[in-house]
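Enquirer: File data_1.txt below, compact mmCIF, C-alpha atoms and all ligand atoms:
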```txt
# COMPACT_ATOMS: atom_id res chain seq x y z
CA MET A 1 -23.93 -26.23 -133.05
CA LYS A 2 -22.95 -28.71 -130.37
CA PHE A 3 -19.24 -28.92 -129.69
CA ILE A 4 -17.89 -32.45 -130.01
CA ASP A 5 -14.14 -33.01 -129.98
CA GLU A 6 -13.84 -36.79 -130.41
CA ALA A 7 -15.28 -39.34 -132.78
CA VAL A 8 -14.47 -42.80 -134.11
CA ILE A 9 -15.13 -43.55 -137.76
CA GLN A 10 -14.57 -46.27 -140.31
CA VAL A 11 -13.34 -45.55 -143.79
CA HIS A 12 -13.70 -48.06 -146.60
CA ALA A 13 -12.18 -47.17 -149.95
CA GLY A 14 -13.75 -48.71 -153.05
CA LYS A 15 -12.50 -51.87 -154.75
CA GLY A 16 -11.06 -51.59 -158.24
CA GLY A 17 -13.26 -52.92 -161.04
CA ASP A 18 -12.26 -56.22 -162.66
CA GLY A 19 -10.66 -56.33 -166.07
CA ALA A 20 -12.85 -57.91 -168.78
CA ALA A 21 -12.18 -61.01 -170.91
CA SER A 22 -14.02 -60.53 -174.16
CA PHE A 23 -13.54 -61.01 -177.91
CA ARG A 24 -14.54 -58.89 -180.82
CA ARG A 25 -17.60 -60.25 -182.60
CA GLU A 26 -18.49 -58.32 -185.68
CA LYS A 27 -20.28 -59.36 -188.78
CA TYR A 28 -17.39 -59.27 -191.26
CA ILE A 29 -14.53 -60.04 -188.89
CA PRO A 30 -14.65 -63.80 -188.29
CA LYS A 31 -11.87 -64.06 -185.73
CA GLY A 32 -11.97 -60.86 -183.73
CA GLY A 33 -9.17 -60.30 -181.27
CA PRO A 34 -9.45 -59.66 -177.53
CA ASP A 35 -11.28 -56.45 -176.62
CA GLY A 36 -11.81 -56.65 -172.82
CA GLY A 37 -11.09 -53.30 -171.18
CA ASP A 38 -9.58 -52.54 -167.77
CA GLY A 39 -11.57 -52.04 -164.59
CA GLY A 40 -11.92 -48.55 -163.12
CA ARG A 41 -10.22 -47.40 -159.91
CA GLY A 42 -12.15 -47.62 -156.63
CA GLY A 43 -12.95 -44.35 -154.86
CA SER A 44 -10.42 -43.13 -152.27
CA ILE A 45 -11.21 -41.31 -149.04
CA PHE A 46 -9.48 -38.06 -148.12
CA ALA A 47 -9.57 -35.76 -145.11
CA VAL A 48 -9.74 -32.06 -145.89
CA ALA A 49 -9.28 -29.39 -143.23
CA ASP A 50 -11.99 -26.76 -143.32
CA ARG A 51 -11.72 -23.60 -141.26
CA ASN A 52 -15.49 -23.13 -141.30
CA ILE A 53 -16.07 -26.27 -139.27
CA ASN A 54 -15.34 -26.30 -135.55
CA THR A 55 -16.94 -29.45 -134.23
CA LEU A 56 -16.79 -33.17 -135.00
CA ILE A 57 -20.50 -33.62 -134.35
CA ASP A 58 -21.30 -34.79 -137.88
CA TYR A 59 -18.93 -37.70 -137.40
CA ARG A 60 -20.77 -38.88 -134.30
CA TYR A 61 -23.82 -39.47 -136.47
CA ALA A 62 -22.21 -40.67 -139.69
CA ARG A 63 -19.65 -43.23 -138.59
CA ILE A 64 -19.10 -45.33 -141.68
CA HIS A 65 -17.78 -43.74 -144.84
CA LYS A 66 -17.67 -45.94 -147.92
CA ALA A 67 -16.45 -44.97 -151.35
CA LYS A 68 -17.92 -46.73 -154.38
CA ASN A 69 -16.21 -49.51 -156.30
CA GLY A 70 -14.71 -48.95 -159.72
CA GLN A 71 -16.77 -50.32 -162.63
CA ASN A 72 -15.69 -53.54 -164.28
CA GLY A 73 -14.13 -53.33 -167.71
CA GLN A 74 -16.31 -54.38 -170.65
CA GLY A 75 -16.04 -55.72 -174.17
CA SER A 76 -15.48 -53.51 -177.23
CA ASP A 77 -12.43 -51.92 -175.56
CA ARG A 78 -14.57 -50.23 -172.97
CA TYR A 79 -12.83 -49.31 -169.73
CA GLY A 80 -14.71 -49.32 -166.43
CA LYS A 81 -15.39 -45.94 -164.91
CA SER A 82 -13.39 -44.94 -161.83
CA ALA A 83 -15.44 -44.19 -158.73
CA GLU A 84 -15.55 -40.74 -157.18
CA ASP A 85 -13.35 -39.94 -154.20
CA ILE A 86 -14.93 -38.93 -150.91
CA MET A 87 -13.76 -35.82 -149.04
CA LEU A 88 -14.33 -35.79 -145.29
CA ARG A 89 -14.33 -32.17 -144.17
CA LEU A 90 -12.84 -31.77 -140.69
CA PRO A 91 -12.01 -28.84 -138.42
CA VAL A 92 -8.52 -27.38 -138.48
CA GLY A 93 -6.79 -28.84 -135.40
CA THR A 94 -8.05 -32.41 -135.93
CA VAL A 95 -5.58 -35.20 -135.22
CA ILE A 96 -6.36 -38.47 -137.01
CA LYS A 97 -5.15 -41.75 -135.53
CA ASP A 98 -5.35 -45.35 -136.67
CA ILE A 99 -7.16 -47.02 -133.77
CA ASN A 100 -5.50 -50.38 -134.25
CA THR A 101 -1.89 -49.25 -134.46
CA GLY A 102 -2.15 -45.97 -132.55
CA GLU A 103 -0.22 -44.31 -135.38
CA ILE A 104 -0.96 -40.65 -136.10
CA ILE A 105 -1.99 -40.48 -139.72
CA ALA A 106 -2.54 -36.77 -139.96
CA ASP A 107 -2.56 -33.56 -138.00
CA LEU A 108 -4.64 -31.02 -139.87
CA VAL A 109 -3.08 -27.68 -139.08
CA HIS A 110 -4.03 -25.49 -141.99
CA ASP A 111 -7.12 -24.80 -144.01
CA GLN A 112 -7.66 -26.99 -147.09
CA GLN A 113 -4.85 -29.35 -146.10
CA LYS A 114 -5.72 -32.64 -147.80
CA ILE A 115 -4.61 -36.09 -146.63
CA LEU A 116 -5.27 -39.50 -148.14
CA LEU A 117 -6.91 -41.73 -145.54
CA ALA A 118 -7.80 -44.86 -147.53
CA LYS A 119 -6.68 -45.59 -151.06
CA GLY A 120 -9.11 -46.96 -153.60
CA GLY A 121 -8.11 -50.26 -155.26
CA VAL A 122 -6.48 -50.19 -158.68
CA GLY A 123 -8.66 -51.59 -161.47
CA GLY A 124 -7.89 -55.00 -162.98
CA ILE A 125 -6.47 -55.45 -166.47
CA GLY A 126 -8.63 -56.59 -169.39
CA ASN A 127 -7.56 -59.32 -171.81
CA LEU A 128 -6.90 -56.63 -174.40
CA HIS A 129 -3.53 -56.09 -172.73
CA PHE A 130 -2.52 -59.74 -172.70
CA LYS A 131 -2.38 -60.08 -176.47
CA SER A 132 1.03 -61.01 -177.83
CA SER A 133 2.53 -62.57 -180.98
CA THR A 134 2.35 -66.01 -179.37
CA ASN A 135 -1.05 -65.58 -177.77
CA ARG A 136 -3.53 -63.89 -180.04
CA ALA A 137 -6.59 -64.94 -178.11
CA PRO A 138 -5.74 -64.50 -174.42
CA ARG A 139 -8.44 -65.20 -171.90
CA GLN A 140 -6.53 -63.76 -169.00
CA PHE A 141 -7.69 -60.74 -167.07
CA THR A 142 -7.00 -59.60 -163.51
CA HIS A 143 -9.36 -58.66 -160.71
CA GLY A 144 -9.46 -55.19 -159.25
CA GLU A 145 -7.56 -54.67 -156.00
CA PRO A 146 -9.47 -54.20 -152.77
CA GLY A 147 -9.70 -50.69 -151.29
CA GLN A 148 -7.99 -49.89 -147.99
CA GLU A 149 -10.05 -49.95 -144.81
CA PHE A 150 -9.29 -48.36 -141.47
CA GLU A 151 -10.89 -47.54 -138.18
CA LEU A 152 -9.86 -44.05 -137.19
CA LYS A 153 -10.06 -41.85 -134.15
CA LEU A 154 -10.64 -38.17 -134.78
CA GLU A 155 -9.57 -35.82 -132.05
CA LEU A 156 -9.93 -32.08 -132.20
CA LYS A 157 -7.37 -30.10 -130.22
CA VAL A 158 -7.77 -26.41 -130.74
CA LEU A 159 -4.74 -24.49 -131.90
CA ALA A 160 -3.90 -21.43 -129.86
CA ASP A 161 -0.78 -19.65 -128.62
CA VAL A 162 -1.96 -19.01 -125.10
CA GLY A 163 -4.39 -20.96 -122.92
CA LEU A 164 -6.40 -19.81 -119.91
CA LEU A 165 -6.44 -22.14 -116.98
CA GLY A 166 -8.42 -21.57 -113.80
CA MET A 167 -11.19 -22.48 -111.41
CA PRO A 168 -14.77 -21.88 -112.48
CA ASN A 169 -15.74 -18.21 -112.00
CA ALA A 170 -12.12 -17.01 -111.98
CA GLY A 171 -12.95 -14.63 -114.83
CA LYS A 172 -11.37 -16.44 -117.78
CA SER A 173 -14.18 -15.67 -120.19
CA THR A 174 -14.34 -12.09 -118.96
CA LEU A 175 -10.63 -11.79 -119.73
CA ILE A 176 -10.90 -13.12 -123.27
CA ARG A 177 -13.81 -10.74 -123.85
CA ALA A 178 -11.71 -7.85 -122.54
CA VAL A 179 -8.77 -8.49 -124.86
CA SER A 180 -10.35 -9.94 -128.02
CA ALA A 181 -13.52 -9.89 -130.07
CA ALA A 182 -14.58 -13.33 -128.77
CA ARG A 183 -17.89 -13.22 -126.93
CA PRO A 184 -18.22 -16.27 -124.67
CA LYS A 185 -20.95 -16.17 -122.05
CA VAL A 186 -20.01 -14.68 -118.67
CA ALA A 187 -22.02 -15.34 -115.51
CA ASP A 188 -21.48 -15.44 -111.78
CA TYR A 189 -21.98 -19.17 -111.38
CA PRO A 190 -19.46 -21.96 -111.93
CA PHE A 191 -19.16 -23.86 -115.22
CA THR A 192 -20.63 -21.17 -117.41
CA THR A 193 -18.21 -22.13 -120.17
CA LEU A 194 -18.84 -25.61 -121.57
CA GLN A 195 -16.66 -25.57 -124.65
CA PRO A 196 -13.39 -23.94 -125.69
CA ASN A 197 -13.53 -20.45 -127.17
CA LEU A 198 -10.83 -18.85 -129.23
CA GLY A 199 -10.10 -15.17 -129.46
CA VAL A 200 -7.59 -13.22 -131.52
CA VAL A 201 -5.76 -10.68 -129.43
CA ARG A 202 -4.47 -7.81 -131.53
CA VAL A 203 -1.81 -5.81 -129.77
CA ASP A 204 -1.34 -3.51 -132.74
CA HIS A 205 -2.30 -3.59 -136.40
CA ASN A 206 0.07 -6.35 -137.45
CA ARG A 207 0.84 -8.22 -134.25
CA SER A 208 -1.62 -10.68 -132.81
CA PHE A 209 -1.91 -14.00 -131.04
CA VAL A 210 -4.65 -16.50 -130.34
CA MET A 211 -6.00 -17.12 -126.86
CA ALA A 212 -8.07 -20.14 -125.80
CA ASP A 213 -10.61 -20.01 -122.99
CA ILE A 214 -11.61 -23.43 -121.68
CA PRO A 215 -14.13 -24.63 -119.06
CA GLY A 216 -13.11 -24.24 -115.42
CA LEU A 217 -11.20 -26.92 -113.57
CA ILE A 218 -11.57 -27.95 -109.91
CA GLU A 219 -9.75 -30.16 -107.46
CA GLY A 220 -10.53 -33.80 -108.23
CA ALA A 221 -11.05 -33.10 -111.94
CA ALA A 222 -8.82 -36.07 -112.79
CA GLU A 223 -11.39 -38.24 -110.99
CA GLY A 224 -14.19 -36.68 -112.99
CA ILE A 225 -15.32 -34.00 -110.52
CA GLY A 226 -16.91 -30.96 -112.13
CA LEU A 227 -16.54 -31.26 -115.88
CA GLY A 228 -13.51 -33.50 -115.43
CA HIS A 229 -10.21 -32.59 -117.01
CA ARG A 230 -10.71 -33.64 -120.61
CA PHE A 231 -10.81 -30.03 -121.78
CA LEU A 232 -7.16 -29.71 -120.80
CA LYS A 233 -6.28 -31.34 -124.09
CA HIS A 234 -7.17 -28.03 -125.72
CA LEU A 235 -4.23 -26.46 -123.89
CA THR A 236 -1.71 -29.05 -125.04
CA ARG A 237 -0.80 -27.15 -128.22
CA THR A 238 -0.43 -23.75 -126.58
CA ARG A 239 2.94 -22.21 -125.86
CA LEU A 240 2.06 -20.40 -122.68
CA LEU A 241 -0.53 -20.95 -119.97
CA LEU A 242 -2.17 -18.22 -117.93
CA HIS A 243 -3.39 -19.39 -114.55
CA VAL A 244 -6.24 -17.02 -113.73
CA ILE A 245 -7.02 -16.60 -110.04
CA ASP A 246 -10.01 -14.87 -108.49
CA MET A 247 -8.45 -12.76 -105.72
CA THR A 248 -11.68 -11.70 -104.00
CA PRO A 249 -11.77 -14.62 -101.53
CA LEU A 250 -8.53 -13.22 -100.14
CA ASN A 251 -10.70 -10.84 -98.15
CA ALA A 252 -12.69 -13.82 -96.81
CA GLU A 253 -9.48 -15.68 -95.94
CA THR A 254 -10.18 -18.66 -98.18
CA ASP A 255 -7.06 -20.74 -98.67
CA LEU A 256 -6.24 -19.36 -102.09
CA VAL A 257 -2.75 -20.82 -101.97
CA HIS A 258 -4.13 -24.31 -101.48
CA GLU A 259 -6.65 -23.80 -104.29
CA ALA A 260 -3.98 -22.63 -106.69
CA GLN A 261 -1.70 -25.55 -105.83
CA ALA A 262 -4.54 -28.03 -106.15
CA LEU A 263 -5.28 -26.81 -109.64
CA VAL A 264 -1.67 -27.18 -110.71
CA LYS A 265 -1.73 -30.75 -109.36
CA GLU A 266 -4.66 -31.51 -111.64
CA LEU A 267 -2.59 -30.23 -114.53
CA GLN A 268 0.25 -32.53 -113.54
CA LYS A 269 -2.09 -35.52 -113.25
CA TYR A 270 -3.40 -34.87 -116.72
CA ASP A 271 -0.11 -34.63 -118.54
CA ALA A 272 3.46 -33.95 -117.41
CA SER A 273 4.27 -31.94 -120.53
CA LEU A 274 1.33 -29.62 -119.88
CA TYR A 275 2.58 -29.14 -116.35
CA GLN A 276 6.02 -28.23 -117.68
CA LYS A 277 4.74 -25.59 -120.06
CA PRO A 278 5.63 -22.00 -119.22
CA ARG A 279 2.92 -20.67 -116.92
CA TRP A 280 2.17 -17.20 -115.60
CA LEU A 281 -0.17 -16.15 -112.84
CA VAL A 282 -2.93 -13.70 -113.59
CA LEU A 283 -4.41 -12.28 -110.40
CA ASN A 284 -7.90 -11.18 -111.34
CA LYS A 285 -10.79 -9.21 -109.82
CA THR A 286 -8.33 -6.96 -108.04
CA ASP A 287 -10.81 -4.08 -108.46
CA MET A 288 -12.52 -5.71 -105.45
CA MET A 289 -9.46 -5.29 -103.25
CA PRO A 290 -8.73 -2.14 -101.25
CA GLU A 291 -6.55 -0.15 -103.62
CA GLU A 292 -3.94 0.88 -101.10
CA LYS A 293 -3.34 -2.74 -100.03
CA ARG A 294 -3.73 -4.36 -103.43
CA ASP A 295 -0.11 -4.70 -104.51
CA GLU A 296 1.05 -5.73 -101.09
CA LEU A 297 -1.65 -8.42 -100.74
CA CYS A 298 -0.89 -9.76 -104.18
CA ARG A 299 2.81 -9.94 -103.47
CA GLN A 300 2.17 -11.76 -100.20
CA PHE A 301 0.00 -14.27 -102.00
CA VAL A 302 2.65 -14.89 -104.63
CA ASP A 303 5.30 -15.31 -101.93
CA ASN A 304 3.16 -17.78 -100.02
CA LEU A 305 2.76 -19.75 -103.18
CA GLU A 306 6.55 -19.66 -103.60
CA TRP A 307 5.93 -18.52 -107.11
CA GLU A 308 9.00 -17.44 -109.02
CA GLU A 309 7.64 -16.87 -112.50
CA LYS A 310 5.85 -13.78 -113.80
CA TYR A 311 2.59 -12.59 -112.31
CA PHE A 312 0.15 -9.89 -113.36
CA ILE A 313 -2.36 -7.91 -111.36
CA ILE A 314 -5.48 -7.22 -113.41
CA SER A 315 -9.19 -6.63 -113.45
CA ALA A 316 -10.80 -8.28 -116.44
CA LEU A 317 -13.96 -6.36 -115.63
CA THR A 318 -12.50 -2.85 -115.72
CA GLY A 319 -9.68 -3.74 -118.12
CA ASP A 320 -7.04 -2.60 -115.63
CA GLY A 321 -3.66 -4.23 -116.33
CA CYS A 322 -4.97 -6.13 -119.37
CA LYS A 323 -3.01 -4.16 -121.93
CA HIS A 324 0.21 -4.66 -120.03
CA LEU A 325 -0.54 -8.40 -119.89
CA THR A 326 -1.23 -8.73 -123.62
CA TYR A 327 1.95 -6.87 -124.56
CA ALA A 328 4.00 -9.09 -122.26
CA ILE A 329 2.44 -12.18 -123.89
CA MET A 330 3.13 -10.88 -127.38
CA GLU A 331 6.74 -10.17 -126.53
CA TYR A 332 7.16 -13.58 -124.97
CA LEU A 333 5.71 -15.32 -128.02
CA GLU A 334 7.94 -13.34 -130.37
CA GLN A 335 11.03 -14.18 -128.36
CA ASN A 336 10.14 -17.85 -127.97
CA LEU A 337 9.19 -18.92 -131.44
CA PRO A 338 7.78 -22.40 -131.93
CA PRO A 339 10.13 -25.08 -133.26
CA GLN A 340 10.56 -25.21 -137.03
CA SER A 341 8.24 -28.17 -137.39
CA ASP A 342 5.23 -26.10 -136.31
CA ASP A 343 3.24 -24.80 -139.19
CA PRO A 344 3.78 -21.08 -139.69
CA ASN A 345 0.32 -20.68 -141.17
CA ALA A 346 -1.43 -22.39 -138.33
CA GLU A 347 -2.09 -19.20 -136.45
CA SER A 348 -3.82 -17.41 -139.25
CA GLU A 349 -5.95 -20.44 -139.96
CA LEU A 350 -7.13 -20.45 -136.41
CA LEU A 351 -8.49 -17.02 -136.54
CA ASN A 352 -11.33 -18.40 -138.47
CA GLN A 353 -12.31 -20.82 -135.78
CA CYS A 354 -13.33 -18.01 -133.48
N1 LIG A 401 -15.39 -7.56 -109.92
C1 LIG A 401 -14.96 -8.34 -110.88
N2 LIG A 401 -15.73 -9.32 -111.35
C2 LIG A 401 -15.24 -10.09 -112.34
C3 LIG A 401 -13.97 -9.86 -112.93
N3 LIG A 401 -13.76 -10.79 -113.88
C4 LIG A 401 -14.86 -11.56 -113.91
N4 LIG A 401 -15.76 -11.14 -113.00
C5 LIG A 401 -17.08 -11.72 -112.72
O1 LIG A 401 -16.91 -13.07 -112.27
C6 LIG A 401 -17.96 -13.91 -112.73
C7 LIG A 401 -17.40 -15.08 -113.48
O2 LIG A 401 -16.76 -14.64 -114.67
P1 LIG A 401 -16.50 -15.59 -115.93
O3 LIG A 401 -15.68 -14.80 -116.88
O4 LIG A 401 -17.78 -16.16 -116.41
O5 LIG A 401 -15.64 -16.72 -115.24
P2 LIG A 401 -15.01 -18.04 -115.92
O6 LIG A 401 -13.67 -18.22 -115.32
O7 LIG A 401 -15.08 -17.95 -117.38
O8 LIG A 401 -16.01 -19.13 -115.34
P3 LIG A 401 -16.39 -20.58 -115.95
O9 LIG A 401 -16.72 -20.41 -117.38
O10 LIG A 401 -17.57 -20.98 -115.15
O11 LIG A 401 -15.21 -21.46 -115.69
C8 LIG A 401 -18.86 -12.99 -113.58
O12 LIG A 401 -19.94 -12.57 -112.80
C9 LIG A 401 -17.93 -11.84 -113.95
O13 LIG A 401 -18.64 -10.63 -114.17
C10 LIG A 401 -13.19 -8.77 -112.41
O14 LIG A 401 -12.07 -8.48 -112.83
N5 LIG A 401 -13.73 -8.05 -111.40
MG MG A 402 -16.08 -19.06 -118.68
```
Would you mind writing the file's structure down as structure tokens?
Expert:
Amino acid sequence: MKFIDEAVIQVHAGKGGDGAASFRREKYIPKGGPDGGDGGRGGSIFAVADRNINTLIDYRYARIHKAKNGQNGQGSDRYGKSAEDIMLRLPVGTVIKDINTGEIIADLVHDQQKILLAKGGVGGIGNLHFKSSTNRAPRQFTHGEPGQEFELKLELKVLADVGLLGMPNAGKSTLIRAVSAARPKVADYPFTTLQPNLGVVRVDHNRSFVMADIPGLIEGAAEGIGLGHRFLKHLTRTRLLLHVIDMTPLNAETDLVHEAQALVKELQKYDASLYQKPRWLVLNKTDMMPEEKRDELCRQFVDNLEWEEKYFIISALTGDGCKHLTYAIMEYLEQNLPPQSDDPNAESELLNQC
């Protein structure tokens, strides 16, 4: 199914039914009292997170969601029926915003999380309830209240612990295939990956984390070159970024340092907080380098980049160095737990998005 990560929808909750004004008319009761029942409640609209859904495509086609109105009250003490609520099923990781105020209404982080989006109107009161010792034949009733209406922006931002960042062809998808059961397409041309992929990396039987592979990024992405930089939003909820670099051009003397710096600049242009996230370098395709010079060349590269954080020398193709990398990530994540406000269940929910 096509991956769509943004949609704009309208939600209209139902109006409450009106209360009734009616009097009892029966054969042997000449002056029947009031018997108008209350109106029913209008249908409300809820969002429900569903781990089996991973795209917002349905909401591109169905933009307007209207719940039914409550039924009006009727004579003979009959109450109007309340309308059914509508459940909008959305992927885990969807952020819901009110377009007009910009306010975040919900952030769906775990499966089956349910949030009220638009409240149905309360039903009106029938004249039955206005009867008193001084007014035995009230004609009053009230109208049902209107339902709430909003225009909402839905934005899916995948939830993962670690995100892969890199130029097209760097080997990001090969890496996620090497360390998890995810099976994104791998090919030797740029922009093979067109949507985010999640993989669960199990380091041993009860320790795991979630990795996100996103489409490649190139210099000028902020100006829309390549696939642009909109996929970077899928890295905003990660705790650690891995900058994957294809080391083979080193032999051809391409300016790898410039390329790496250019990519980081794109990150900075997109969002300062993404730029400030902890980031490690993953030097890939090192199976293509002469073995005896490999470590030395890698170190030189890292020095030229004036890189002071961690770096890893791997081959996603042969699996060399991948285990060491995944253990280091696991340890880092365990030592740098997310703030309390993050949902502890979020990770397990994600597994199902893969
Ligand atoms: N020799 C070698 N080739 C690799 C390695 N990792 C990836 N490749 C090859 O590099 C090419 C690109 O790999 P992908 O994993 O598709 O690269 P990507 O970064 O996901 O690319 P996009 O999805 O286009 O951004 C494929 O032909 C892979 O087989 C590696 O460690 N060594
Ligand atoms: Mg790819």
Enquirer: Using only C-alpha atoms, which of the listed residues (A:Lys269, A:Lys114, A:Lys97, A:Arg63) sits closest to Glu155 in chain A?
Expert: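 Closest to Glu155 in chain A of all the choices is A:Lys97.
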Enquirer: Given a cut-off of 9 Å, what residues near ligand LIG 401 (chain A) show up using all atoms listed in the file, put as a PDB file with C-alpha atoms, keeping the file's coordinate frame?
Expert:
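Heads up, here's the output in out36.pdb:
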```pdb
ATOM      1  CA  LEU A 164      -6.400 -19.810-119.910  1.00  0.00           C
ATOM      2  CA  LEU A 165      -6.440 -22.140-116.980  1.00  0.00           C
ATOM      3  CA  GLY A 166      -8.420 -21.570-113.800  1.00  0.00           C
ATOM      4  CA  MET A 167     -11.190 -22.480-111.410  1.00  0.00           C
ATOM      5  CA  PRO A 168     -14.770 -21.880-112.480  1.00  0.00           C
ATOM      6  CA  ASN A 169     -15.740 -18.210-112.000  1.00  0.00           C
ATOM      7  CA  ALA A 170     -12.120 -17.010-111.980  1.00  0.00           C
ATOM      8  CA  GLY A 171     -12.950 -14.630-114.830  1.00  0.00           C
ATOM      9  CA  LYS A 172     -11.370 -16.440-117.780  1.00  0.00           C
ATOM     10  CA  SER A 173     -14.180 -15.670-120.190  1.00  0.00           C
ATOM     11  CA  THR A 174     -14.340 -12.090-118.960  1.00  0.00           C
ATOM     12  CA  LEU A 175     -10.630 -11.790-119.730  1.00  0.00           C
ATOM     13  CA  ILE A 176     -10.900 -13.120-123.270  1.00  0.00           C
ATOM     14  CA  ARG A 177     -13.810 -10.740-123.850  1.00  0.00           C
ATOM     15  CA  PRO A 184     -18.220 -16.270-124.670  1.00  0.00           C
ATOM     16  CA  LYS A 185     -20.950 -16.170-122.050  1.00  0.00           C
ATOM     17  CA  VAL A 186     -20.010 -14.680-118.670  1.00  0.00           C
ATOM     18  CA  ALA A 187     -22.020 -15.340-115.510  1.00  0.00           C
ATOM     19  CA  ASP A 188     -21.480 -15.440-111.780  1.00  0.00           C
ATOM     20  CA  TYR A 189     -21.980 -19.170-111.380  1.00  0.00           C
ATOM     21  CA  PRO A 190     -19.460 -21.960-111.930  1.00  0.00           C
ATOM     22  CA  PHE A 191     -19.160 -23.860-115.220  1.00  0.00           C
ATOM     23  CA  THR A 192     -20.630 -21.170-117.410  1.00  0.00           C
ATOM     24  CA  THR A 193     -18.210 -22.130-120.170  1.00  0.00           C
ATOM     25  CA  LEU A 194     -18.840 -25.610-121.570  1.00  0.00           C
ATOM     26  CA  GLN A 195     -16.660 -25.570-124.650  1.00  0.00           C
ATOM     27  CA  ASP A 213     -10.610 -20.010-122.990  1.00  0.00           C
ATOM     28  CA  ILE A 214     -11.610 -23.430-121.680  1.00  0.00           C
ATOM     29  CA  PRO A 215     -14.130 -24.630-119.060  1.00  0.00           C
ATOM     30  CA  GLY A 216     -13.110 -24.240-115.420  1.00  0.00           C
ATOM     31  CA  LEU A 217     -11.200 -26.920-113.570  1.00  0.00           C
ATOM     32  CA  VAL A 244      -6.240 -17.020-113.730  1.00  0.00           C
ATOM     33  CA  ILE A 245      -7.020 -16.600-110.040  1.00  0.00           C
ATOM     34  CA  ASP A 246     -10.010 -14.870-108.490  1.00  0.00           C
ATOM     35  CA  THR A 248     -11.680 -11.700-104.000  1.00  0.00           C
ATOM     36  CA  LEU A 283      -4.410 -12.280-110.400  1.00  0.00           C
ATOM     37  CA  ASN A 284      -7.900 -11.180-111.340  1.00  0.00           C
ATOM     38  CA  LYS A 285     -10.790  -9.210-109.820  1.00  0.00           C
ATOM     39  CA  THR A 286      -8.330  -6.960-108.040  1.00  0.00           C
ATOM     40  CA  ASP A 287     -10.810  -4.080-108.460  1.00  0.00           C
ATOM     41  CA  MET A 288     -12.520  -5.710-105.450  1.00  0.00           C
ATOM     42  CA  ILE A 314      -5.480  -7.220-113.410  1.00  0.00           C
ATOM     43  CA  SER A 315      -9.190  -6.630-113.450  1.00  0.00           C
ATOM     44  CA  ALA A 316     -10.800  -8.280-116.440  1.00  0.00           C
ATOM     45  CA  LEU A 317     -13.960  -6.360-115.630  1.00  0.00           C
ATOM     46  CA  THR A 318     -12.500  -2.850-115.720  1.00  0.00           C
ATOM     47  CA  GLY A 319      -9.680  -3.740-118.120  1.00  0.00           C
ATOM     48  CA  ASP A 320      -7.040  -2.600-115.630  1.00  0.00           C
TER      49      ASP A 320
END
```
Enquirer: When you count only C-alpha atoms and all ligand atoms, which of these residues is closest to ligand MG 402 (chain A): A:Asn197, A:Gln113, A:Thr134, A:Thr55?
Expert: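 Closest to ligand MG 402 (chain A), using only C-alpha atoms and all ligand atoms: A:Asn197.
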Enquirer: Could you check how far CA of Ser208 in chain A sits from CA of Leu281 in chain A, in Å to one decimal?
Expert: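 Going from CA of Ser208 in chain A over to CA of Leu281 in chain A, I get 20.8 Å.
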Enquirer: So, counting only C-alpha atoms and all ligand atoms, which residue among A:Ala178, A:Val92, A:Pro196, A:Glu151 is closest to ligand MG 402 (chain A)?
Expert: A:Pro196
Enquirer: Set the distance at 9 Å and use only C-alpha atoms: which residues neighbour Thr236 in chain A once local chain neighbours fewer than 5 positions away are removed? I'd like the list as a list of chain:residue names.
Expert: A:Lys157, A:Val158, A:Leu159, A:Gly163, A:Asp271, A:Ser273, A:Leu274, A:Lys277
Enquirer: Using Å and a single decimal, report how far CA of Gly321 in chain A sits from CA of Val282 in chain A.
Expert: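 That distance, rounded to one decimal, is 9.9 Å.
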Enquirer: In Å, with one decimal, what is the gap from CA of Ala67 in chain A to CA of Val8 in chain A?
Expert: 17.5 Å
Enquirer: Give me the residues within 8 Å of Pro34 in chain A as a VMD selection string, counting all atoms listed in the file and dropping any in the same chain fewer than 4 places off.
Expert: chain A and resid 21 to 24 127 to 128 131 136 to 139
Enquirer: Smallest atom-to-atom distance to Ile115 in chain A: which of A:Ser44, A:Asn69, A:Asn54, A:Ser180, using all atoms listed in the file?
Expert: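 Closest to Ile115 in chain A, using all atoms listed in the file: A:Ser44.
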Enquirer: Show me the residues around (-7.8, -51.8, -163.8) - criterion: an atom at most 7 Å away, only C-alpha atoms counted - as an MDAnalysis selection string.
Expert: chainID A and resid 16:19 38:41 122:125 144
Enquirer: Quick one: everything within 12 Å of Leu333 in chain A, counting all atoms listed in the file, minus sequence neighbours fewer than 3 positions away in the same chain. Send it as number ranges by chain.
Expert: A: 160-162, 207-211, 238-241, 278, 326-330, 336-339
Enquirer: Edge lengths and centre in Å to one decimal, as AutoDock Vina command-line options, of the axis-aligned box that encloses all listed atoms of range 312-324 of chain A with 5 Å added on every side?
Expert:
```
--center_x -6.9 --center_y -6.2 --center_z -116.6 --size_x 24.2 --size_y 17.3 --size_z 20.6
```
Enquirer: Pick from A:Ala118, A:Ala47, A:Ala262, A:Leu152: nearest to Gln10 in chain A, with all atoms listed in the file counted?
Expert: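 Nearest to Gln10 in chain A: A:Leu152.
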